[in-house]
file target-v2.cif (mmCIF, C-alpha atoms)
data_model
loop_
_atom_site.group_PDB
_atom_site.id
_atom_site.type_symbol
_atom_site.label_atom_id
_atom_site.label_comp_id
_atom_site.auth_asym_id
_atom_site.auth_seq_id
_atom_site.Cartn_x
_atom_site.Cartn_y
_atom_site.Cartn_z
ATOM 1 C CA MET A 1 -23.272 -7.877 2.007
ATOM 2 C CA LYS A 2 -20.042 -7.376 3.896
ATOM 3 C CA PHE A 3 -16.726 -7.237 2.050
ATOM 4 C CA ALA A 4 -13.146 -7.477 3.309
ATOM 5 C CA VAL A 5 -10.389 -5.589 1.502
ATOM 6 C CA ILE A 6 -7.167 -7.400 2.410
ATOM 7 C CA VAL A 7 -4.271 -5.015 2.970
ATOM 8 C CA PHE A 8 -0.678 -6.232 2.600
ATOM 9 C CA PRO A 9 2.402 -4.084 3.153
ATOM 10 C CA GLY A 10 2.717 -2.501 -0.288
ATOM 11 C CA SER A 11 -0.936 -2.747 -1.361
ATOM 12 C CA ASN A 12 -1.883 0.534 -3.030
ATOM 13 C CA CYS A 13 -5.298 -0.026 -4.610
ATOM 14 C CA ASP A 14 -6.965 -0.872 -1.315
ATOM 15 C CA VAL A 15 -8.469 2.603 -0.962
ATOM 16 C CA ASP A 16 -9.897 2.505 -4.500
ATOM 17 C CA MET A 17 -11.445 -0.880 -3.760
ATOM 18 C CA PHE A 18 -12.903 0.380 -0.470
ATOM 19 C CA HIS A 19 -14.339 3.455 -2.225
ATOM 20 C CA ALA A 20 -15.892 1.349 -4.990
ATOM 21 C CA ILE A 21 -17.698 -0.882 -2.501
ATOM 22 C CA LYS A 22 -18.728 1.731 0.044
ATOM 23 C CA ASP A 23 -19.575 4.761 -2.073
ATOM 24 C CA GLU A 24 -20.411 3.422 -5.515
ATOM 25 C CA LEU A 25 -21.880 0.011 -4.692
ATOM 26 C CA GLY A 26 -23.295 1.020 -1.308
ATOM 27 C CA GLU A 27 -22.356 -2.144 0.576
ATOM 28 C CA GLN A 28 -20.448 -2.714 3.833
ATOM 29 C CA VAL A 29 -16.688 -2.975 3.643
ATOM 30 C CA GLU A 30 -13.734 -3.133 6.030
ATOM 31 C CA TYR A 31 -9.970 -3.133 5.641
ATOM 32 C CA VAL A 32 -8.362 -6.339 6.939
ATOM 33 C CA TRP A 33 -4.629 -6.392 7.706
ATOM 34 C CA HIS A 34 -2.507 -9.260 6.347
ATOM 35 C CA ASP A 35 -1.981 -10.876 9.756
ATOM 36 C CA ALA A 36 -5.711 -11.235 10.517
ATOM 37 C CA GLU A 37 -6.733 -14.519 12.128
ATOM 38 C CA SER A 38 -10.240 -14.822 10.734
ATOM 39 C CA LEU A 39 -12.428 -13.762 7.807
ATOM 40 C CA GLU A 40 -15.530 -15.518 9.058
ATOM 41 C CA GLU A 41 -17.599 -12.366 9.449
ATOM 42 C CA PHE A 42 -17.153 -11.435 5.771
ATOM 43 C CA ASP A 43 -19.272 -12.539 2.801
ATOM 44 C CA GLY A 44 -16.837 -11.526 0.073
ATOM 45 C CA ILE A 45 -13.036 -11.212 -0.027
ATOM 46 C CA LEU A 46 -11.215 -8.638 -2.170
ATOM 47 C CA LEU A 47 -7.455 -8.746 -2.817
ATOM 48 C CA PRO A 48 -6.451 -5.345 -4.162
ATOM 49 C CA GLY A 49 -3.644 -4.300 -6.478
ATOM 50 C CA GLY A 50 -0.270 -2.889 -5.522
ATOM 51 C CA PHE A 51 3.198 -4.199 -4.875
ATOM 52 C CA SER A 52 2.841 -6.417 -1.823
ATOM 53 C CA TYR A 53 6.201 -6.912 -0.120
ATOM 54 C CA GLY A 54 7.839 -4.835 -2.828
ATOM 55 C CA ASP A 55 7.254 -7.610 -5.400
ATOM 56 C CA TYR A 56 10.399 -9.184 -3.938
ATOM 57 C CA LEU A 57 11.343 -12.579 -5.398
ATOM 58 C CA ARG A 58 8.199 -12.762 -7.592
ATOM 59 C CA THR A 59 4.950 -10.803 -7.598
ATOM 60 C CA GLY A 60 2.722 -12.205 -4.862
ATOM 61 C CA ALA A 61 5.290 -14.797 -3.765
ATOM 62 C CA ILE A 62 5.770 -13.441 -0.236
ATOM 63 C CA ALA A 63 2.174 -12.312 0.314
ATOM 64 C CA ARG A 64 0.834 -15.796 -0.272
ATOM 65 C CA PHE A 65 2.519 -16.966 2.935
ATOM 66 C CA SER A 66 0.973 -14.235 5.081
ATOM 67 C CA ASN A 67 -1.340 -15.272 7.873
ATOM 68 C CA VAL A 68 -4.562 -14.078 6.273
ATOM 69 C CA MET A 69 -4.040 -16.230 3.173
ATOM 70 C CA LYS A 70 -4.921 -19.372 5.141
ATOM 71 C CA GLU A 71 -8.259 -17.679 5.800
ATOM 72 C CA VAL A 72 -8.628 -16.650 2.159
ATOM 73 C CA VAL A 73 -8.146 -20.308 1.175
ATOM 74 C CA LYS A 74 -10.800 -21.280 3.728
ATOM 75 C CA ALA A 75 -13.209 -18.657 2.375
ATOM 76 C CA ALA A 76 -12.585 -19.914 -1.167
ATOM 77 C CA GLU A 77 -13.246 -23.495 -0.096
ATOM 78 C CA ALA A 78 -16.454 -22.367 1.607
ATOM 79 C CA GLY A 79 -17.641 -20.963 -1.726
ATOM 80 C CA LYS A 80 -17.432 -17.282 -0.797
ATOM 81 C CA PRO A 81 -16.649 -14.918 -3.660
ATOM 82 C CA VAL A 82 -12.923 -14.112 -3.750
ATOM 83 C CA LEU A 83 -11.781 -11.439 -6.212
ATOM 84 C CA GLY A 84 -8.103 -10.700 -6.851
ATOM 85 C CA VAL A 85 -7.252 -7.681 -8.978
ATOM 86 C CA CYS A 86 -3.783 -7.093 -10.445
ATOM 87 C CA ASN A 87 -1.383 -7.902 -7.583
ATOM 88 C CA GLY A 88 -4.364 -9.671 -5.989
ATOM 89 C CA PHE A 89 -4.530 -11.925 -9.073
ATOM 90 C CA GLN A 90 -0.780 -12.550 -8.849
ATOM 91 C CA ILE A 91 -1.194 -13.578 -5.189
ATOM 92 C CA LEU A 92 -4.047 -15.972 -6.067
ATOM 93 C CA LEU A 93 -1.796 -17.596 -8.707
ATOM 94 C CA GLU A 94 1.104 -17.960 -6.267
ATOM 95 C CA ALA A 95 -1.267 -19.391 -3.664
ATOM 96 C CA GLY A 96 -2.480 -21.984 -6.151
ATOM 97 C CA LEU A 97 -6.095 -20.826 -5.899
ATOM 98 C CA LEU A 98 -5.944 -20.201 -9.646
ATOM 99 C CA PRO A 99 -3.765 -22.024 -12.211
ATOM 100 C CA GLY A 100 -0.858 -20.473 -14.138
ATOM 101 C CA ALA A 101 1.726 -17.767 -13.485
ATOM 102 C CA MET A 102 2.627 -14.208 -14.492
ATOM 103 C CA LYS A 103 5.665 -13.187 -16.500
ATOM 104 C CA ARG A 104 7.061 -9.752 -17.247
ATOM 105 C CA ASN A 105 5.097 -7.874 -19.919
ATOM 106 C CA GLU A 106 6.355 -8.746 -23.386
ATOM 107 C CA SER A 107 7.377 -5.099 -23.894
ATOM 108 C CA LEU A 108 9.219 -5.139 -20.520
ATOM 109 C CA SER A 109 7.454 -1.837 -19.721
ATOM 110 C CA PHE A 110 4.982 -0.968 -17.033
ATOM 111 C CA ILE A 111 1.702 -0.289 -18.832
ATOM 112 C CA CYS A 112 -0.954 2.047 -17.453
ATOM 113 C CA LYS A 113 -3.923 2.795 -19.719
ATOM 114 C CA GLN A 114 -7.532 1.974 -20.524
ATOM 115 C CA SER A 115 -7.980 -1.493 -21.972
ATOM 116 C CA GLU A 116 -10.856 -3.014 -23.847
ATOM 117 C CA LEU A 117 -12.041 -6.363 -22.562
ATOM 118 C CA LYS A 118 -14.410 -8.933 -23.946
ATOM 119 C CA VAL A 119 -16.718 -10.738 -21.521
ATOM 120 C CA GLU A 120 -16.133 -14.350 -22.578
ATOM 121 C CA ASN A 121 -18.218 -15.913 -19.837
ATOM 122 C CA ASN A 122 -21.174 -14.159 -18.225
ATOM 123 C CA GLN A 123 -22.329 -17.293 -16.392
ATOM 124 C CA THR A 124 -20.307 -16.508 -13.276
ATOM 125 C CA MET A 125 -21.169 -14.842 -9.990
ATOM 126 C CA PHE A 126 -18.863 -11.990 -11.039
ATOM 127 C CA THR A 127 -20.148 -11.327 -14.545
ATOM 128 C CA SER A 128 -23.850 -12.214 -14.674
ATOM 129 C CA GLU A 129 -24.842 -8.555 -15.115
ATOM 130 C CA TYR A 130 -22.819 -8.324 -18.344
ATOM 131 C CA ASP A 131 -23.856 -9.724 -21.712
ATOM 132 C CA LYS A 132 -21.825 -12.524 -23.243
ATOM 133 C CA GLY A 133 -19.415 -11.078 -25.778
ATOM 134 C CA GLN A 134 -19.928 -7.529 -24.478
ATOM 135 C CA THR A 135 -16.878 -5.284 -24.677
ATOM 136 C CA ILE A 136 -16.088 -3.137 -21.667
ATOM 137 C CA THR A 137 -13.454 -0.511 -20.872
ATOM 138 C CA ILE A 138 -11.403 -1.163 -17.730
ATOM 139 C CA PRO A 139 -7.959 0.298 -16.985
ATOM 140 C CA ILE A 140 -4.798 -1.783 -16.600
ATOM 141 C CA ALA A 141 -1.660 -0.816 -14.664
ATOM 142 C CA HIS A 142 1.004 -3.495 -14.388
ATOM 143 C CA GLY A 143 4.512 -4.600 -15.290
ATOM 144 C CA GLU A 144 3.883 -8.314 -14.898
ATOM 145 C CA GLY A 145 0.559 -9.249 -16.448
ATOM 146 C CA ASN A 146 1.793 -11.627 -19.103
ATOM 147 C CA TYR A 147 -0.323 -14.648 -18.184
ATOM 148 C CA TYR A 148 1.188 -18.058 -18.820
ATOM 149 C CA CYS A 149 0.101 -21.648 -18.302
ATOM 150 C CA ASP A 150 1.005 -24.911 -19.995
ATOM 151 C CA GLN A 151 -1.080 -26.337 -22.845
ATOM 152 C CA GLU A 152 -2.764 -28.894 -20.637
ATOM 153 C CA THR A 153 -3.932 -26.216 -18.195
ATOM 154 C CA LEU A 154 -5.101 -24.026 -21.074
ATOM 155 C CA ALA A 155 -7.198 -26.895 -22.445
ATOM 156 C CA THR A 156 -8.787 -27.326 -18.989
ATOM 157 C CA LEU A 157 -9.488 -23.587 -18.709
ATOM 158 C CA LYS A 158 -11.226 -23.675 -22.075
ATOM 159 C CA ALA A 159 -13.157 -26.867 -21.409
ATOM 160 C CA ASN A 160 -14.540 -25.467 -18.143
ATOM 161 C CA ASN A 161 -15.220 -21.957 -19.500
ATOM 162 C CA GLN A 162 -12.803 -20.544 -16.935
ATOM 163 C CA ILE A 163 -11.540 -17.771 -19.203
ATOM 164 C CA VAL A 164 -13.816 -14.904 -18.155
ATOM 165 C CA PHE A 165 -12.183 -11.825 -19.725
ATOM 166 C CA THR A 166 -9.882 -11.473 -22.717
ATOM 167 C CA TYR A 167 -8.168 -8.370 -24.083
ATOM 168 C CA TYR A 168 -10.104 -7.178 -27.106
ATOM 169 C CA ARG A 169 -8.406 -5.904 -30.290
ATOM 170 C CA GLU A 170 -5.046 -5.317 -28.576
ATOM 171 C CA ASN A 171 -3.070 -7.639 -26.314
ATOM 172 C CA PRO A 172 -1.139 -5.207 -24.111
ATOM 173 C CA ASN A 173 1.204 -7.586 -22.310
ATOM 174 C CA GLY A 174 1.686 -10.770 -24.335
ATOM 175 C CA SER A 175 -0.775 -12.859 -22.297
ATOM 176 C CA LEU A 176 -1.452 -16.334 -23.594
ATOM 177 C CA GLU A 177 -4.662 -16.321 -25.692
ATOM 178 C CA ASN A 178 -5.270 -12.671 -24.683
ATOM 179 C CA ILE A 179 -6.268 -13.830 -21.213
ATOM 180 C CA ALA A 180 -7.129 -10.946 -18.855
ATOM 181 C CA GLY A 181 -9.101 -12.795 -16.186
ATOM 182 C CA ILE A 182 -9.866 -16.368 -15.154
ATOM 183 C CA VAL A 183 -12.152 -18.020 -12.643
ATOM 184 C CA SER A 184 -11.595 -21.124 -10.527
ATOM 185 C CA GLU A 185 -13.185 -24.405 -11.493
ATOM 186 C CA LYS A 186 -15.795 -23.976 -8.760
ATOM 187 C CA GLY A 187 -16.465 -20.470 -10.054
ATOM 188 C CA ASN A 188 -16.077 -18.441 -6.855
ATOM 189 C CA VAL A 189 -12.467 -17.248 -7.212
ATOM 190 C CA LEU A 190 -11.781 -14.683 -9.933
ATOM 191 C CA GLY A 191 -8.408 -13.196 -10.804
ATOM 192 C CA MET A 192 -7.997 -10.376 -13.319
ATOM 193 C CA MET A 193 -5.241 -7.923 -14.210
ATOM 194 C CA PRO A 194 -7.527 -4.986 -15.184
ATOM 195 C CA HIS A 195 -8.884 -2.819 -12.373
ATOM 196 C CA PRO A 196 -12.709 -2.821 -12.177
ATOM 197 C CA GLU A 197 -12.525 -0.753 -8.957
ATOM 198 C CA ARG A 198 -10.996 2.084 -10.977
ATOM 199 C CA ALA A 199 -13.909 2.014 -13.417
ATOM 200 C CA VAL A 200 -16.917 2.686 -11.210
ATOM 201 C CA ASP A 201 -17.712 6.274 -12.174
ATOM 202 C CA ASP A 202 -17.974 7.993 -15.571
ATOM 203 C CA LEU A 203 -15.948 10.830 -14.098
ATOM 204 C CA LEU A 204 -12.980 8.423 -14.007
ATOM 205 C CA GLY A 205 -13.357 7.544 -17.676
ATOM 206 C CA SER A 206 -15.525 4.452 -17.333
ATOM 207 C CA SER A 207 -18.126 2.940 -15.060
ATOM 208 C CA ASN A 208 -18.005 -0.478 -16.722
ATOM 209 C CA GLY A 209 -16.477 -2.084 -13.636
ATOM 210 C CA LEU A 210 -19.489 -1.434 -11.444
ATOM 211 C CA LYS A 211 -21.497 -4.307 -12.965
ATOM 212 C CA MET A 212 -18.898 -6.750 -11.705
ATOM 213 C CA PHE A 213 -19.499 -5.709 -8.109
ATOM 214 C CA GLN A 214 -23.267 -5.568 -8.704
ATOM 215 C CA SER A 215 -23.123 -9.124 -10.067
ATOM 216 C CA ILE A 216 -21.408 -10.343 -6.890
ATOM 217 C CA VAL A 217 -24.018 -8.707 -4.639
ATOM 218 C CA LYS A 218 -26.969 -9.869 -6.727
ATOM 219 C CA ASN A 219 -25.784 -13.483 -6.793
ATOM 220 C CA TRP A 220 -24.974 -13.432 -3.102
ATOM 221 C CA ARG A 221 -28.446 -12.073 -2.268
ATOM 222 C CA GLU A 222 -30.112 -14.698 -4.437
ATOM 223 C CA ALA A 223 -28.131 -17.466 -2.759
ATOM 224 C CA TYR A 224 -28.240 -16.339 0.863
ATOM 225 C CA VAL A 225 -31.008 -13.799 1.369
ATOM 226 C CA VAL A 226 -33.859 -14.653 -0.982
ATOM 227 C CA LYS A 227 -33.694 -18.377 -0.218
ATOM 228 C CA ALA A 228 -33.208 -17.866 3.507
ATOM 229 C CA MET B 1 27.228 -24.272 8.168
ATOM 230 C CA TYR B 2 26.442 -24.853 4.511
ATOM 231 C CA LYS B 3 26.676 -22.224 1.852
ATOM 232 C CA VAL B 4 24.050 -22.938 -0.782
ATOM 233 C CA LYS B 5 24.007 -21.220 -4.174
ATOM 234 C CA VAL B 6 20.611 -21.344 -5.862
ATOM 235 C CA PHE B 7 20.033 -20.507 -9.532
ATOM 236 C CA VAL B 8 16.474 -19.922 -10.722
ATOM 237 C CA THR B 9 15.609 -19.506 -14.410
ATOM 238 C CA LEU B 10 12.473 -19.595 -16.523
ATOM 239 C CA ARG B 11 11.820 -23.064 -17.934
ATOM 240 C CA GLU B 12 13.134 -23.809 -21.402
ATOM 241 C CA SER B 13 9.567 -24.091 -22.689
ATOM 242 C CA VAL B 14 8.671 -20.622 -21.387
ATOM 243 C CA LEU B 15 9.554 -17.591 -23.483
ATOM 244 C CA ASP B 16 11.772 -15.239 -21.459
ATOM 245 C CA PRO B 17 10.941 -11.647 -22.504
ATOM 246 C CA GLN B 18 13.959 -10.155 -20.700
ATOM 247 C CA GLY B 19 16.369 -12.729 -22.156
ATOM 248 C CA ALA B 20 14.955 -12.136 -25.640
ATOM 249 C CA ALA B 21 15.495 -8.367 -25.306
ATOM 250 C CA VAL B 22 19.087 -8.809 -24.109
ATOM 251 C CA LYS B 23 19.849 -11.298 -26.904
ATOM 252 C CA HIS B 24 18.507 -8.831 -29.451
ATOM 253 C CA SER B 25 20.649 -6.106 -27.940
ATOM 254 C CA LEU B 26 23.799 -8.280 -28.044
ATOM 255 C CA GLN B 27 23.156 -9.166 -31.666
ATOM 256 C CA SER B 28 22.783 -5.504 -32.531
ATOM 257 C CA LEU B 29 26.246 -5.042 -30.944
ATOM 258 C CA ASN B 30 27.409 -7.517 -33.589
ATOM 259 C CA TYR B 31 27.744 -10.536 -31.283
ATOM 260 C CA ARG B 32 25.949 -12.658 -33.858
ATOM 261 C CA GLU B 33 27.278 -15.846 -32.256
ATOM 262 C CA VAL B 34 24.972 -15.291 -29.251
ATOM 263 C CA ALA B 35 22.212 -17.796 -29.924
ATOM 264 C CA ASP B 36 20.214 -17.467 -26.714
ATOM 265 C CA VAL B 37 20.068 -15.550 -23.433
ATOM 266 C CA ARG B 38 18.157 -16.695 -20.374
ATOM 267 C CA ILE B 39 17.869 -14.340 -17.422
ATOM 268 C CA GLY B 40 17.434 -15.701 -13.950
ATOM 269 C CA LYS B 41 18.115 -15.137 -10.293
ATOM 270 C CA TYR B 42 21.047 -16.099 -8.128
ATOM 271 C CA MET B 43 20.596 -16.515 -4.386
ATOM 272 C CA GLU B 44 23.021 -17.428 -1.618
ATOM 273 C CA LEU B 45 21.752 -19.136 1.491
ATOM 274 C CA ALA B 46 23.644 -19.872 4.684
ATOM 275 C CA ILE B 47 22.036 -22.932 6.245
ATOM 276 C CA GLU B 48 22.959 -24.398 9.590
ATOM 277 C CA LYS B 49 23.621 -28.117 9.803
ATOM 278 C CA SER B 50 20.785 -30.136 11.277
ATOM 279 C CA ASP B 51 19.562 -33.723 11.467
ATOM 280 C CA ARG B 52 17.884 -33.286 8.132
ATOM 281 C CA ASP B 53 19.561 -33.977 4.813
ATOM 282 C CA ILE B 54 20.684 -30.678 3.285
ATOM 283 C CA ASN B 55 19.366 -31.647 -0.168
ATOM 284 C CA GLU B 56 15.955 -32.376 1.254
ATOM 285 C CA VAL B 57 15.881 -28.973 2.967
ATOM 286 C CA VAL B 58 17.066 -27.056 -0.114
ATOM 287 C CA ASN B 59 14.613 -28.786 -2.454
ATOM 288 C CA GLU B 60 11.778 -28.029 -0.074
ATOM 289 C CA ILE B 61 12.775 -24.357 0.149
ATOM 290 C CA CYS B 62 13.100 -24.050 -3.622
ATOM 291 C CA ASN B 63 9.788 -25.723 -4.379
ATOM 292 C CA SER B 64 7.809 -23.826 -1.782
ATOM 293 C CA LEU B 65 9.186 -20.325 -2.229
ATOM 294 C CA LEU B 66 12.372 -19.618 -4.176
ATOM 295 C CA ALA B 67 11.104 -20.926 -7.522
ATOM 296 C CA ASN B 68 7.624 -21.085 -9.028
ATOM 297 C CA PRO B 69 7.433 -24.564 -10.571
ATOM 298 C CA VAL B 70 4.768 -23.394 -13.046
ATOM 299 C CA ILE B 71 7.297 -21.334 -14.993
ATOM 300 C CA GLU B 72 10.712 -21.754 -13.351
ATOM 301 C CA ASP B 73 13.434 -24.380 -12.930
ATOM 302 C CA TYR B 74 16.153 -24.293 -10.301
ATOM 303 C CA ARG B 75 19.477 -25.879 -9.599
ATOM 304 C CA TYR B 76 21.818 -25.455 -6.667
ATOM 305 C CA GLU B 77 25.318 -26.068 -5.371
ATOM 306 C CA VAL B 78 26.148 -26.875 -1.770
ATOM 307 C CA GLU B 79 29.460 -25.909 -0.209
ATOM 308 C CA GLU B 80 30.571 -26.582 3.330
ATOM 309 C CA SER B 81 31.658 -23.216 4.585
ATOM 310 C CA VAL B 82 34.804 -23.064 6.682
ATOM 311 C CA SER B 83 34.164 -22.079 10.274
ATOM 312 C CA GLN B 84 35.848 -18.903 11.451
#

call {"tool": "encode", "arguments": {"input": "target-v2.cif", "output": "structure tokens"}}
result
Amino acid sequence: MKFAVIVFPGSNCDVDMFHAIKDELGEQVEYVWHDAESLEEFDGILLPGGFSYGDYLRTGAIARFSNVMKEVVKAAEAGKPVLGVCNGFQILLEAGLLPGAMKRNESLSFICKQSELKVENNQTMFTSEYDKGQTITIPIAHGEGNYYCDQETLATLKANNQIVFTYYRENPNGSLENIAGIVSEKGNVLGMMPHPERAVDDLLGSSNGLKMFQSIVKNWREAYVVKA
Amino acid sequence: MYKVKVFVTLRESVLDPQGAAVKHSLQSLNYREVADVRIGKYMELAIEKSDRDINEVVNEICNSLLANPVIEDYRYEVEESVSQ
């Protein structure tokens, strides 16, 4: 499986994402600059964390108009897995690929620490290797991860099982309903504030993020390789 | 040339964590009459006159980029700037 790590000016978790895929997962991966014209050769798209365009105006607001985002939308429409982590999640929200918006953390502080997550939905291409209700340890590092959507959108998210991860025991940022990660209605676009790519080796404090990447590969193989 | 002043704030229905912190701070300074604080952004745009209606252009700009309609409202004022 071949992954693209999209790099915007100001991305700073792109190298971690690349390392997770190449060295820990053992799959192909390439960096793709924000002005790229095509993502056709890639099977999975990864939007890493960071501060694209300095977080000017709003987090992700400028990045969503970069050239490559038209291709990310196309990839999402084609059903390819698209994962946005942290700033990547914020970009997916601004681009309208996922519903809702991010506000400043309730505490107004930048928070960087391990967080405990609950796997609310393991029936997705990103979480099938986890058990439903399993708690996992994945680090967070953000100043604007306070997820918000209106009540109508929240009801839709719940009805479609689109809430994939919630913060367990402690809500670090004030997110509505403890939401840490959501998936699109079609199920192939996932946005999450915690960083699974920073939790792929016990040496780093946790390897709980690896199963997310393994889920993507397994589901892709089942869909495109086994059946082919 | 038009000078356009754009004000963007979080919607009334959305809790503003920065505004809440500033309100708390003002009240602790004994300004108990301060009932609410909303923090937003102020932007100034210089827009050249064209065939298009200035309001149409400004609304388009605000909806597509300057404000996020999911959580923010905007309002604006248009002034005709005096040519040099």

call {"tool": "atom_distance", "arguments": {"input": "target-v2.cif", "atom1": "atom CA of Glu27 of chain A", "atom2": "atom CA of Ile216 of chain A"}}
result
11.1 Å

call {"tool": "resolve_selection", "arguments": {"input": "target-v2.cif", "expression": "the PyMOL selection byres ((chain B) within 10 of (chain A))", "output": "PyMOL selection string"}}
result
chain B and resi 10+13-18+20-21+41+64-72

call {"tool": "residues_around", "arguments": {"input": "target-v2.cif", "residues": "Asn208 of chain A", "least_positions_apart": "6", "cutoff": "9 Å", "atoms": "all atoms listed in the file", "output": "list in words"}}
result
Ile136, Thr137, Ile138, Pro196, Ala199, Val200, Asp201 and Asp202 of chain A

call {"tool": "residues_around", "arguments": {"input": "target-v2.cif", "residues": "Thr127 of chain A", "least_positions_apart": "2", "cutoff": "9 Å", "atoms": "all atoms listed in the file", "output": "VMD selection string"}}
result
chain A and resid 119 121 to 125 129 to 132 164 211 to 216

call {"tool": "resolve_selection", "arguments": {"input": "target-v2.cif", "expression": "the PyMOL selection byres ((chain A and resi 84) around 10)", "output": "list in words"}}
result
Ile6, Ile45, Leu46, Leu47, Pro48, Gly49, Val82, Leu83, Val85, Cys86, Asn87, Gly88, Phe89, Gln90, Ile91, Leu92, Leu93, Gly181, Val189, Leu190, Gly191, Met192, Met193 and His195 of chain A

call {"tool": "atom_distance", "arguments": {"input": "target-v2.cif", "atom1": "atom CA of Glu12 of chain B", "atom2": "atom CA of Ala180 of chain A"}}
result
24.1 Å

call {"tool": "atom_distance", "arguments": {"input": "target-v2.cif", "atom1": "atom CA of His24 of chain B", "atom2": "atom CA of Arg38 of chain B"}}
result
12.0 Å

call {"tool": "resolve_selection", "arguments": {"input": "target-v2.cif", "expression": "the PyMOL selection byres ((chain B and resi 46) around 6)", "output": "ChimeraX atom specification"}}
result
/B:2-3,45,47

call {"tool": "closest_residue", "arguments": {"input": "target-v2.cif", "among": "A:Glu30, A:Asn219, A:Asn188, A:Val15", "to": "Val72 of chain A", "atoms": "only C-alpha atoms"}}
result
A:Asn188

call {"tool": "residues_near_point", "arguments": {"input": "target-v2.cif", "point": "(26.8, -26.8, -2.0)", "cutoff": "10 Å", "atoms": "all atoms listed in the file", "output": "ChimeraX atom specification"}}
result
/B:2-6,45,54-55,58,76-81

call {"tool": "residues_around", "arguments": {"input": "target-v2.cif", "residues": "Phe51 of chain A", "least_positions_apart": "5", "cutoff": "9 Å", "atoms": "all atoms listed in the file", "output": "compact mmCIF listing (two decimals) with C-alpha atoms, in the frame of the given file"}}
result
# COMPACT_ATOMS: atom_id res chain seq x y z
CA PHE A 8 -0.68 -6.23 2.60
CA PRO A 9 2.40 -4.08 3.15
CA GLY A 10 2.72 -2.50 -0.29
CA SER A 11 -0.94 -2.75 -1.36
CA ASN A 12 -1.88 0.53 -3.03
CA TYR A 56 10.40 -9.18 -3.94
CA THR A 59 4.95 -10.80 -7.60
CA GLY A 60 2.72 -12.20 -4.86
CA ASN A 87 -1.38 -7.90 -7.58

call {"tool": "residues_around", "arguments": {"input": "target-v2.cif", "residues": "His19 of chain A", "least_positions_apart": "6", "cutoff": "10 Å", "atoms": "all atoms listed in the file", "output": "ChimeraX atom specification"}}
result
/A:13,25-26,29,197-198,200

call {"tool": "closest_residue", "arguments": {"input": "target-v2.cif", "among": "B:Tyr74, B:Ser28, B:Glu44, B:Ile39", "to": "Glu60 of chain B", "atoms": "all atoms listed in the file"}}
result
B:Tyr74

call {"tool": "axis_aligned_box", "arguments": {"input": "target-v2.cif", "around": "segment 45-63 of chain A", "padding_each_side": "8 Å", "output": "JSON"}}
result
{"center_x": -0.8, "center_y": -8.8, "center_z": -3.6, "size_x": 40.4, "size_y": 27.9, "size_z": 23.9}

call {"tool": "closest_residue", "arguments": {"input": "target-v2.cif", "among": "A:Asn67, A:Asn173, A:Thr166, A:Ser38", "to": "Glu120 of chain A", "atoms": "all atoms listed in the file"}}
result
A:Thr166

call {"tool": "closest_residue", "arguments": {"input": "target-v2.cif", "among": "A:Phe3, A:Gly145, A:Gln151, A:Phe110", "to": "Ala75 of chain A", "atoms": "only C-alpha atoms"}}
result
A:Phe3
